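Input: a single structure, listed below in structure tokens.
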There are 2 protein chains.
Amino acid sequence: MSLTIKVHLATQFNDLNIIQYQTNRHNRRKFTNYDLKIRPRPIYSSSPLTVYRPKMNVDSVRSSVIKSSLIEPDGGLVVDLVVPKSERELKTVEAESMPRVNLTNIDLEWVHVISEGWASPLKGFMRENEYLQSLHFNCLKTKDGSIVNMSLPIVLAIDDETKERIGSSTNVGLVGPGGDLIGILRSIEIYKHNKEERIARTWGTTAPGLPYVDEVITPAGNWLIGGDLEVLKPIKYNDGLDHYRLSPQQLRNEFDRRQADAVFAFQLRNPVHNGHALLMNDTRRRLLEMGFKNPILLLHPLGGFTKADDVPLDVRMEQHSKVLEDGVLDPETTIVSIFPSPMHYAGPTEVQWHAKARVNAGANFYIVGRDPAGMGHPTEKRDLYDPDHGKKVLSMAPGLEKLNILPFRVAAYDTVEKKMAFFDPSRAKEFLFISGTKMRTYAKTGENPPDGFMCPGGWKVLVNYYKSLQSEEATEQAEVLAL
Amino acid sequence: MSLTIKVHLATQFNDLNIIQYQTNRHNRRKFTNYDLKIRPRPIYSSSPLTVYRPKMNVDSVRSSVIKSSLIEPDGGLVVDLVVPKSERELKTVEAESMPRVNLTNIDLEWVHVISEGWASPLKGFMRENEYLQSLHFNCLKTKDGSIVNMSLPIVLAIDDETKERIGSSTNVGLVGPGGDLIGILRSIEIYKHNKEERIARTWGTTAPGLPYVDEVITPAGNWLIGGDLEVLKPIKYNDGLDHYRLSPQQLRNEFDRRQADAVFAFQLRNPVHNGHALLMNDTRRRLLEMGFKNPILLLHPLGGFTKADDVPLDVRMEQHSKVLEDGVLDPETTIVSIFPSPMHYAGPTEVQWHAKARVNAGANFYIVGRDPAGMGHPTEKRDLYDPDHGKKVLSMAPGLEKLNILPFRVAAYDTVEKKMAFFDPSRAKEFLFISGTKMRTYAKTGENPPDGFMCPGGWKVLVNYYKSLQSEEATEQAEVLAL
């Protein structure tokens, strides 16, 4: 039986090399692509596909309401730590009497992430017990003994002075960068922030120049404070993009409303080019072929901290809009939303977080590409991570067994077909890899990328952005010269 | 019921702060010492103790044979990779035709470790799949879906030239430092050895000066070779200590022979002082109080690579013998044996390996102290690890739930009672901590340590060792001056 499944999937997903699980709870194991065998003419019976489907007949369900049933959130419930309106005033008064902890912008992004349940079942910043499990095992053991994935330490640092100010208090008030009271951390625990160890175990390097380390960890205090979080009201950024920021529960509701029978998530922090689009559309086509009636794409750009040379969120959101407007992706079957997490650029460790958070938001398929969450080594001329380790580690990660992982072959510009296509090693010379740097050079110099690399509307957004950067730089340079 | 257990254990083990588990398979969780509550006058009934006992009545068992039943080895079987005598000749001929990989002394220690099943269910040097799980999750998922602990990458490095020489061969012959054929590695896989990442994720630092890194990793090749190991004959060192080197199966047999109903392991790489002895004897006393009839101590010094300023193995073994001769430990209830693993000095990561290997050797209780497998930071004036992290991480470690972990309070010299005693913070000033450095200074200068620090016979062994070192140094210095 399981063999039949493998054969069918291999045929269906020969570009995607789907990783598949047996569903027997006591005998679960992953099949890697090495296990897959191609059968030339698959017979499409429905039975091999049931493993991917919610446990209900789609037709009978259409007349009722599907309730976020595609995949369970970690811990069984999507955590929601926003105080009900009725209690807000009372809790605010209470919080005002507590010692205060000041949040940076990135701390606030984590408050946002935790409060909406992206990190379910985590209910606040990690105490040492959770921190150590995350650091050493990339997962947490829950009270009922089950394992949930938790690869990044989600922690709040404080300095000596703040620690002293807190003294023996049990609860603290959290103050946003604007000076406003954001929330409460209860039953706190303060423990040492060994930055070197945290960095080494999270990134697998301590080389200087890691963006999140330089921005967040190095300037942070020598203590971590964990506790149970309460947020006085939903976190908003008032940047014109808040309507894109759907919480995991809102996303689950939206998938229900659209009667999705499969949700496939695509994490990105870059503009969407036609290679990405090829992959997303191809995934959808294949899910349909497999028997799903209504697979929905969650196009899910990361909205928190990114490094200085990444394209900013507002520009990316405008670019993504154009991709949908230009019809490269189908708005009917696509939800564009912002994932509020900051970016660590921690490769195989971080990709687990990216996938886990999407499980909590209701995605049961996760697309993973070459070198997810990777970057160049900050001091050596090489990739920081082996480009294949991301998908390998993700496929092994404890707590993510329930997620269907879709590793994909890299797409590149096919100079013969004049379009983005899955890279074919047998005619490698006919493919052109357009890196982020290359793309920036095109946009800056006003040169057009090869036809078919990106839809014209989306490309225009990028050209305008880089032009504005250049004129800013010119102005700055002029100012410097004038001094 | 579980509450009763906790209360009793807390009362029994108030010096040891035992960490206890519920045995319900589907609802397993650890109780940390924070859960424990002291009840002033415990009632000793037998039922709360059954959790620690093998699933048989001890009295009825005494008349039959106990078969290594105290704790299951990881994967259910102790791995044994030594080729049967009858096949030795044939396999040797076969190995001679294979490309060769040269082993260092420390590689050979790992061959020894793997071949005897200390790392069960590992059957050879890790392939990438196992390496990545070890590095990221400190555990491996076995074929049946269960988790075993595996915190250290057990890998074999080769250089570019060797890789080229191997070419597309599937099997290689392993050649010892003396040039003799040691074994075969079959169905090999060669993958990149990213030293920086391996070091950072294993040690939580990349600071220069880590002993194992300097000795083993930095000089090693840029490739790792994994595969299934076969050893042509048992590994022997011919250093007069081989009789101390019992394999996990031999230890299990010895525990059976002695009809042990509990085995508590004590890992060490230093001479045994009376603080250690206090702790081991106290553990035995408490196990007896708990109802065990015949708890056996496995005094298990590490015999592989140690750093230059640690006391060498032969001196330690002589010192341990004296401790037993002097009656500080009871030979009737103690087994002294050598654990053949090399030392990583990787603190919380390594202590899991130390515990896991002892599970495979049949120990169901593991004593863990302050800062296990720790050392000073190689470049900063501090401990490399938080001294409490070792026991915390060990108590959380996936795959070690079946092991009873006995964290202990630190022992120090009580200057009032004039003996080693458990440190009492309420009269901290009356305690003297005698570090390794301090001990060396005593021994070198011929000064006696405080009365009751170590048995006289054991101390004499150390004094002689350090004297011999000094005369060696003097000779070397004289030779240098003579040049």
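Residue numbering restarts at 1 for every chain of the structure tokens, chains are lettered A, B, ... in their displayed order, and ligands are numbered from 1 as they appear.
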Provide as JSON, numbers by chain the residues of chain B at most 10 Å from chain A, counting only C-alpha atoms.
{"B": [25, 26, 27, 28, 29, 30, 128, 129, 130, 132, 133, 134, 135, 136, 137, 138, 139, 140, 141, 142, 143, 144, 145, 146, 147, 151, 192, 194, 195, 196, 197, 198, 199, 200, 201, 202, 203, 204, 205, 206, 207, 348, 349, 384, 385, 386, 389, 392, 393, 396, 397, 398]}
Output N, CA and C atoms for every residue in the selection just made, as a compact mmCIF listing (two decimals), in the first residue's frame.
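The result, stored in part05.txt:
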# COMPACT_ATOMS: atom_id res chain seq x y z
N ARG B 25 3.69 5.14 29.00
CA ARG B 25 4.36 5.36 27.74
C ARG B 25 3.80 6.55 26.95
N HIS B 26 2.51 6.74 27.08
CA HIS B 26 1.89 7.79 26.26
C HIS B 26 1.79 9.11 27.01
N ASN B 27 2.24 9.11 28.24
CA ASN B 27 2.08 10.33 29.02
C ASN B 27 3.34 10.56 29.82
N ARG B 28 4.45 10.37 29.16
CA ARG B 28 5.74 10.43 29.83
C ARG B 28 6.13 11.89 30.05
N ARG B 29 6.50 12.22 31.25
CA ARG B 29 7.12 13.53 31.43
C ARG B 29 8.10 13.48 32.58
N LYS B 30 9.04 14.37 32.54
CA LYS B 30 10.02 14.39 33.61
C LYS B 30 9.56 15.33 34.71
N GLU B 128 25.66 11.27 6.00
CA GLU B 128 25.22 12.66 6.19
C GLU B 128 23.87 12.76 6.90
N ASN B 129 22.98 11.87 6.58
CA ASN B 129 21.66 11.82 7.18
C ASN B 129 21.74 11.73 8.72
N GLU B 130 22.65 10.90 9.21
CA GLU B 130 22.82 10.75 10.65
C GLU B 130 23.58 11.94 11.24
N LEU B 132 23.63 15.01 10.18
CA LEU B 132 22.78 16.21 10.29
C LEU B 132 21.81 16.09 11.46
N GLN B 133 21.26 14.91 11.66
CA GLN B 133 20.35 14.74 12.80
C GLN B 133 21.08 14.93 14.12
N SER B 134 22.28 14.37 14.19
CA SER B 134 23.07 14.51 15.40
C SER B 134 23.40 15.98 15.66
N LEU B 135 23.84 16.66 14.62
CA LEU B 135 24.25 18.06 14.75
C LEU B 135 23.08 18.97 15.11
N HIS B 136 21.92 18.74 14.51
CA HIS B 136 20.81 19.66 14.72
C HIS B 136 19.86 19.25 15.84
N PHE B 137 19.74 17.95 16.06
CA PHE B 137 18.70 17.50 17.01
C PHE B 137 19.28 16.69 18.17
N ASN B 138 20.58 16.41 18.13
CA ASN B 138 21.21 15.56 19.16
C ASN B 138 20.53 14.21 19.31
N CYS B 139 19.83 13.79 18.28
CA CYS B 139 19.21 12.46 18.35
C CYS B 139 18.96 11.93 16.93
N LEU B 140 18.71 10.66 16.86
CA LEU B 140 18.43 10.01 15.57
C LEU B 140 17.06 9.37 15.61
N LYS B 141 16.37 9.41 14.48
CA LYS B 141 15.13 8.66 14.37
C LYS B 141 15.48 7.29 13.80
N THR B 142 15.05 6.24 14.49
CA THR B 142 15.38 4.90 14.00
C THR B 142 14.33 4.46 12.98
N LYS B 143 14.57 3.29 12.38
CA LYS B 143 13.67 2.82 11.33
C LYS B 143 12.24 2.65 11.84
N ASP B 144 12.09 2.27 13.10
CA ASP B 144 10.73 2.06 13.61
C ASP B 144 10.11 3.36 14.12
N GLY B 145 10.79 4.50 13.90
CA GLY B 145 10.23 5.79 14.25
C GLY B 145 10.57 6.25 15.65
N SER B 146 11.18 5.39 16.44
CA SER B 146 11.54 5.81 17.80
C SER B 146 12.81 6.66 17.75
N ILE B 147 13.02 7.39 18.85
CA ILE B 147 14.12 8.34 18.92
C ILE B 147 15.22 7.77 19.82
N SER B 151 24.24 12.70 20.52
CA SER B 151 24.56 14.13 20.59
C SER B 151 25.88 14.51 19.94
N LYS B 192 30.63 16.60 2.56
CA LYS B 192 31.52 17.71 2.97
C LYS B 192 31.69 17.77 4.49
N ASN B 194 32.16 20.38 6.93
CA ASN B 194 32.18 21.81 7.25
C ASN B 194 32.61 21.93 8.71
N LYS B 195 33.91 22.15 8.88
CA LYS B 195 34.47 22.11 10.24
C LYS B 195 33.89 23.21 11.12
N GLU B 196 33.79 24.40 10.54
CA GLU B 196 33.29 25.52 11.35
C GLU B 196 31.91 25.21 11.91
N GLU B 197 31.02 24.72 11.05
CA GLU B 197 29.66 24.44 11.49
C GLU B 197 29.64 23.30 12.52
N ARG B 198 30.43 22.27 12.24
CA ARG B 198 30.49 21.14 13.18
C ARG B 198 30.96 21.61 14.56
N ILE B 199 31.99 22.43 14.59
CA ILE B 199 32.53 22.91 15.86
C ILE B 199 31.51 23.79 16.57
N ALA B 200 30.94 24.75 15.84
CA ALA B 200 30.01 25.70 16.46
C ALA B 200 28.81 24.98 17.05
N ARG B 201 28.26 24.02 16.30
CA ARG B 201 27.04 23.36 16.78
C ARG B 201 27.34 22.33 17.88
N THR B 202 28.55 21.79 17.90
CA THR B 202 28.88 20.81 18.93
C THR B 202 29.32 21.48 20.23
N TRP B 203 30.14 22.53 20.11
CA TRP B 203 30.71 23.14 21.32
C TRP B 203 30.01 24.44 21.72
N GLY B 204 29.22 25.03 20.82
CA GLY B 204 28.62 26.32 21.15
C GLY B 204 29.65 27.43 21.20
N THR B 205 30.77 27.22 20.58
CA THR B 205 31.81 28.24 20.44
C THR B 205 32.73 27.81 19.31
N THR B 206 33.42 28.78 18.72
CA THR B 206 34.46 28.43 17.75
C THR B 206 35.79 29.02 18.21
N ALA B 207 35.87 29.38 19.49
CA ALA B 207 37.10 29.98 20.01
C ALA B 207 38.27 29.02 19.84
N PRO B 348 27.30 20.21 27.88
CA PRO B 348 25.94 19.67 27.82
C PRO B 348 25.70 18.77 26.61
N THR B 349 26.44 19.01 25.53
CA THR B 349 26.28 18.15 24.36
C THR B 349 26.94 16.79 24.63
N LEU B 384 33.41 27.49 30.28
CA LEU B 384 32.87 27.48 28.91
C LEU B 384 31.35 27.32 28.94
N TYR B 385 30.84 26.48 29.85
CA TYR B 385 29.39 26.25 29.93
C TYR B 385 28.86 26.68 31.29
N ASP B 386 27.61 27.06 31.33
CA ASP B 386 26.93 27.26 32.60
C ASP B 386 26.99 25.92 33.34
N HIS B 389 23.97 23.71 33.23
CA HIS B 389 23.33 23.32 31.97
C HIS B 389 23.47 21.82 31.69
N LYS B 392 20.75 19.95 33.40
CA LYS B 392 19.45 20.36 32.85
C LYS B 392 19.24 19.76 31.46
N VAL B 393 20.23 19.92 30.59
CA VAL B 393 20.10 19.42 29.23
C VAL B 393 19.96 17.89 29.24
N MET B 396 16.53 16.77 29.89
CA MET B 396 15.57 17.07 28.82
C MET B 396 15.82 16.24 27.57
N ALA B 397 16.96 15.53 27.54
CA ALA B 397 17.46 15.02 26.27
C ALA B 397 16.55 13.94 25.67
N PRO B 398 16.12 14.13 24.42
CA PRO B 398 15.31 13.11 23.76
C PRO B 398 16.07 11.79 23.69
Using only C-alpha atoms, which residues sit within 8 Å of B:Leu156 once same-chain residues fewer than 2 positions away are excluded, as JSON, numbers by chain?
{"B": [107, 125, 126, 154, 158, 224, 225, 226]}
Based on the backbone DSSP call, show me all residues of stretch 290-344 of chain A assigned strand (DSSP E or B), as a ChimeraX atom specification.
/A:295-302,334-336,339
Can you spit out the residues from that selection as a short mmCIF file (atom, residue, chain, number, x, y, z; two decimals), in the first residue's frame, using N, CA and C atoms?
data_model
loop_
_atom_site.label_atom_id
_atom_site.label_comp_id
_atom_site.auth_asym_id
_atom_site.auth_seq_id
_atom_site.Cartn_x
_atom_site.Cartn_y
_atom_site.Cartn_z
N PRO A 295 -6.83 23.49 -4.17
CA PRO A 295 -5.60 23.84 -3.45
C PRO A 295 -5.39 25.35 -3.47
N ILE A 296 -5.09 25.88 -2.30
CA ILE A 296 -4.89 27.34 -2.18
C ILE A 296 -3.42 27.61 -1.88
N LEU A 297 -2.88 28.61 -2.60
CA LEU A 297 -1.50 29.03 -2.36
C LEU A 297 -1.46 30.13 -1.30
N LEU A 298 -0.66 29.93 -0.29
CA LEU A 298 -0.38 31.00 0.67
C LEU A 298 0.97 31.60 0.29
N LEU A 299 0.91 32.76 -0.39
CA LEU A 299 2.13 33.48 -0.76
C LEU A 299 2.47 34.36 0.44
N HIS A 300 3.55 34.03 1.12
CA HIS A 300 3.68 34.49 2.50
C HIS A 300 5.02 35.18 2.75
N PRO A 301 5.17 36.41 2.21
CA PRO A 301 6.43 37.12 2.40
C PRO A 301 6.70 37.43 3.87
N LEU A 302 7.97 37.34 4.23
CA LEU A 302 8.37 37.65 5.60
C LEU A 302 8.38 39.17 5.79
N THR A 334 -5.04 32.28 -4.63
CA THR A 334 -3.84 32.73 -3.92
C THR A 334 -4.24 33.68 -2.80
N ILE A 335 -3.64 33.49 -1.65
CA ILE A 335 -3.77 34.46 -0.56
C ILE A 335 -2.41 35.07 -0.33
N VAL A 336 -2.33 36.40 -0.44
CA VAL A 336 -1.07 37.07 -0.13
C VAL A 336 -1.20 37.65 1.27
N PHE A 339 4.00 37.44 6.84
CA PHE A 339 4.46 36.65 7.99
C PHE A 339 5.30 37.60 8.87
#
Picked from stretch 118-227 of chain B by DSSP as helix (DSSP H, G or I), as a VMD selection string:
chain B and resid 128 to 137 160 to 166 195 to 203 211 to 217
Can you tell me which residues surround stretch 237-250 of chain B at a distance of at most 8 Å, considering only C-alpha atoms, apart from same-chain residues fewer than 2 positions away, and format the answer as a PDB file with C-alpha atoms, in the first residue's frame?
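Written out: out_2.pdb:
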ATOM      1  CA  VAL B  78      23.905  -4.039  21.581  1.00  0.00           C
ATOM      2  CA  GLU B 116      31.434  -2.708  20.565  1.00  0.00           C
ATOM      3  CA  GLY B 117      28.052  -1.005  20.442  1.00  0.00           C
ATOM      4  CA  TRP B 118      28.590   1.917  22.821  1.00  0.00           C
ATOM      5  CA  ILE B 235      40.539  -3.558  19.174  1.00  0.00           C
ATOM      6  CA  ARG B 252      25.910  -6.438  30.925  1.00  0.00           C
ATOM      7  CA  ASN B 253      27.024 -10.026  31.449  1.00  0.00           C
ATOM      8  CA  GLU B 254      29.007  -9.008  34.525  1.00  0.00           C
ATOM      9  CA  ASP B 314      47.485   4.522  33.394  1.00  0.00           C
ATOM     10  CA  VAL B 336      36.002  -0.581  37.486  1.00  0.00           C
ATOM     11  CA  SER B 337      36.161  -0.548  33.732  1.00  0.00           C
ATOM     12  CA  ILE B 338      37.443   1.749  30.970  1.00  0.00           C
ATOM     13  CA  PHE B 339      35.077   3.678  28.695  1.00  0.00           C
ATOM     14  CA  PRO B 340      37.006   3.766  25.402  1.00  0.00           C
ATOM     15  CA  ARG B 358      26.287   3.816  29.654  1.00  0.00           C
ATOM     16  CA  ASN B 360      24.012   0.670  26.189  1.00  0.00           C
ATOM     17  CA  ALA B 361      26.346  -0.874  28.765  1.00  0.00           C
ATOM     18  CA  GLY B 362      23.399  -1.642  31.035  1.00  0.00           C
TER      19      GLY B 362
END
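Taking atom CA of B:Ser120 and atom CA of B:Lys356 as the two end points, the separation is 9.0 Å.
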List the spatial neighbours of A:Pro121 as a PyMOL selection string - criterion: any atom at most 7 Å away, only C-alpha atoms, same-chain residues fewer than 6 positions off excluded.
chain A and resi 74-75+79
Taking C-alpha atoms for each residue, export the selection above as an mmCIF file, in the first residue's frame.
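For reference, result-v5.cif as written:
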data_model
loop_
_atom_site.group_PDB
_atom_site.id
_atom_site.type_symbol
_atom_site.label_atom_id
_atom_site.label_comp_id
_atom_site.auth_asym_id
_atom_site.auth_seq_id
_atom_site.Cartn_x
_atom_site.Cartn_y
_atom_site.Cartn_z
ATOM 1 C CA ASP A 74 1.232 22.544 17.363
ATOM 2 C CA GLY A 75 -0.141 21.787 20.794
ATOM 3 C CA VAL A 79 -2.327 30.426 20.917
#
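Computed from the coordinates, the atom CA of A:Gly446 to atom CA of A:Val463 distance equals 6.9 Å.
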Correct to one decimal, the distance atom CA of B:Asp282-atom CA of B:Pro407 is 12.7 Å
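By chain and then residue number, the residues within 9 Å of stretch 229-234 of chain B are Asp80, Leu81, Val82, Val83, Pro84, Lys85, Glu87, Arg88, Glu89, Lys91, Thr92, Val111, His112, Ile114, Ser115, Glu116, Lys123, Gly124, Phe125, Leu174, Leu181, Ile182, Gly183, Ile184, Leu185 and Arg186 of chain B, counting only C-alpha atoms and disregarding those fewer than 6 positions away in sequence.
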Preceding selection exported with C-alpha atoms as a PDB file, in the first residue's frame:
ATOM      1  CA  ASP B  80      28.625  -5.931  17.721  1.00  0.00           C
ATOM      2  CA  LEU B  81      30.635  -5.282  14.578  1.00  0.00           C
ATOM      3  CA  VAL B  82      33.553  -7.609  15.154  1.00  0.00           C
ATOM      4  CA  VAL B  83      33.780 -10.140  12.352  1.00  0.00           C
ATOM      5  CA  PRO B  84      33.402 -13.762  13.590  1.00  0.00           C
ATOM      6  CA  LYS B  85      36.716 -15.611  13.680  1.00  0.00           C
ATOM      7  CA  GLU B  87      35.148 -15.108   8.491  1.00  0.00           C
ATOM      8  CA  ARG B  88      38.207 -13.136   9.490  1.00  0.00           C
ATOM      9  CA  GLU B  89      40.577 -14.520   6.905  1.00  0.00           C
ATOM     10  CA  LYS B  91      37.250 -10.599   4.956  1.00  0.00           C
ATOM     11  CA  THR B  92      40.902  -9.660   5.394  1.00  0.00           C
ATOM     12  CA  VAL B 111      36.267   2.386  15.604  1.00  0.00           C
ATOM     13  CA  HIS B 112      36.585   0.658  18.980  1.00  0.00           C
ATOM     14  CA  ILE B 114      31.345   1.842  17.393  1.00  0.00           C
ATOM     15  CA  SER B 115      32.416  -1.796  16.998  1.00  0.00           C
ATOM     16  CA  GLU B 116      31.434  -2.708  20.565  1.00  0.00           C
ATOM     17  CA  LYS B 123      26.569   0.601  12.918  1.00  0.00           C
ATOM     18  CA  GLY B 124      29.390   2.620  11.481  1.00  0.00           C
ATOM     19  CA  PHE B 125      30.692   6.123  10.951  1.00  0.00           C
ATOM     20  CA  LEU B 174      40.536   0.938   7.275  1.00  0.00           C
ATOM     21  CA  LEU B 181      44.301  -3.533   8.349  1.00  0.00           C
ATOM     22  CA  ILE B 182      41.675  -2.891  11.033  1.00  0.00           C
ATOM     23  CA  GLY B 183      38.354  -3.171   9.277  1.00  0.00           C
ATOM     24  CA  ILE B 184      36.051  -2.379   6.411  1.00  0.00           C
ATOM     25  CA  LEU B 185      33.621   0.461   5.809  1.00  0.00           C
ATOM     26  CA  ARG B 186      30.878  -0.640   3.428  1.00  0.00           C
TER      27      ARG B 186
END
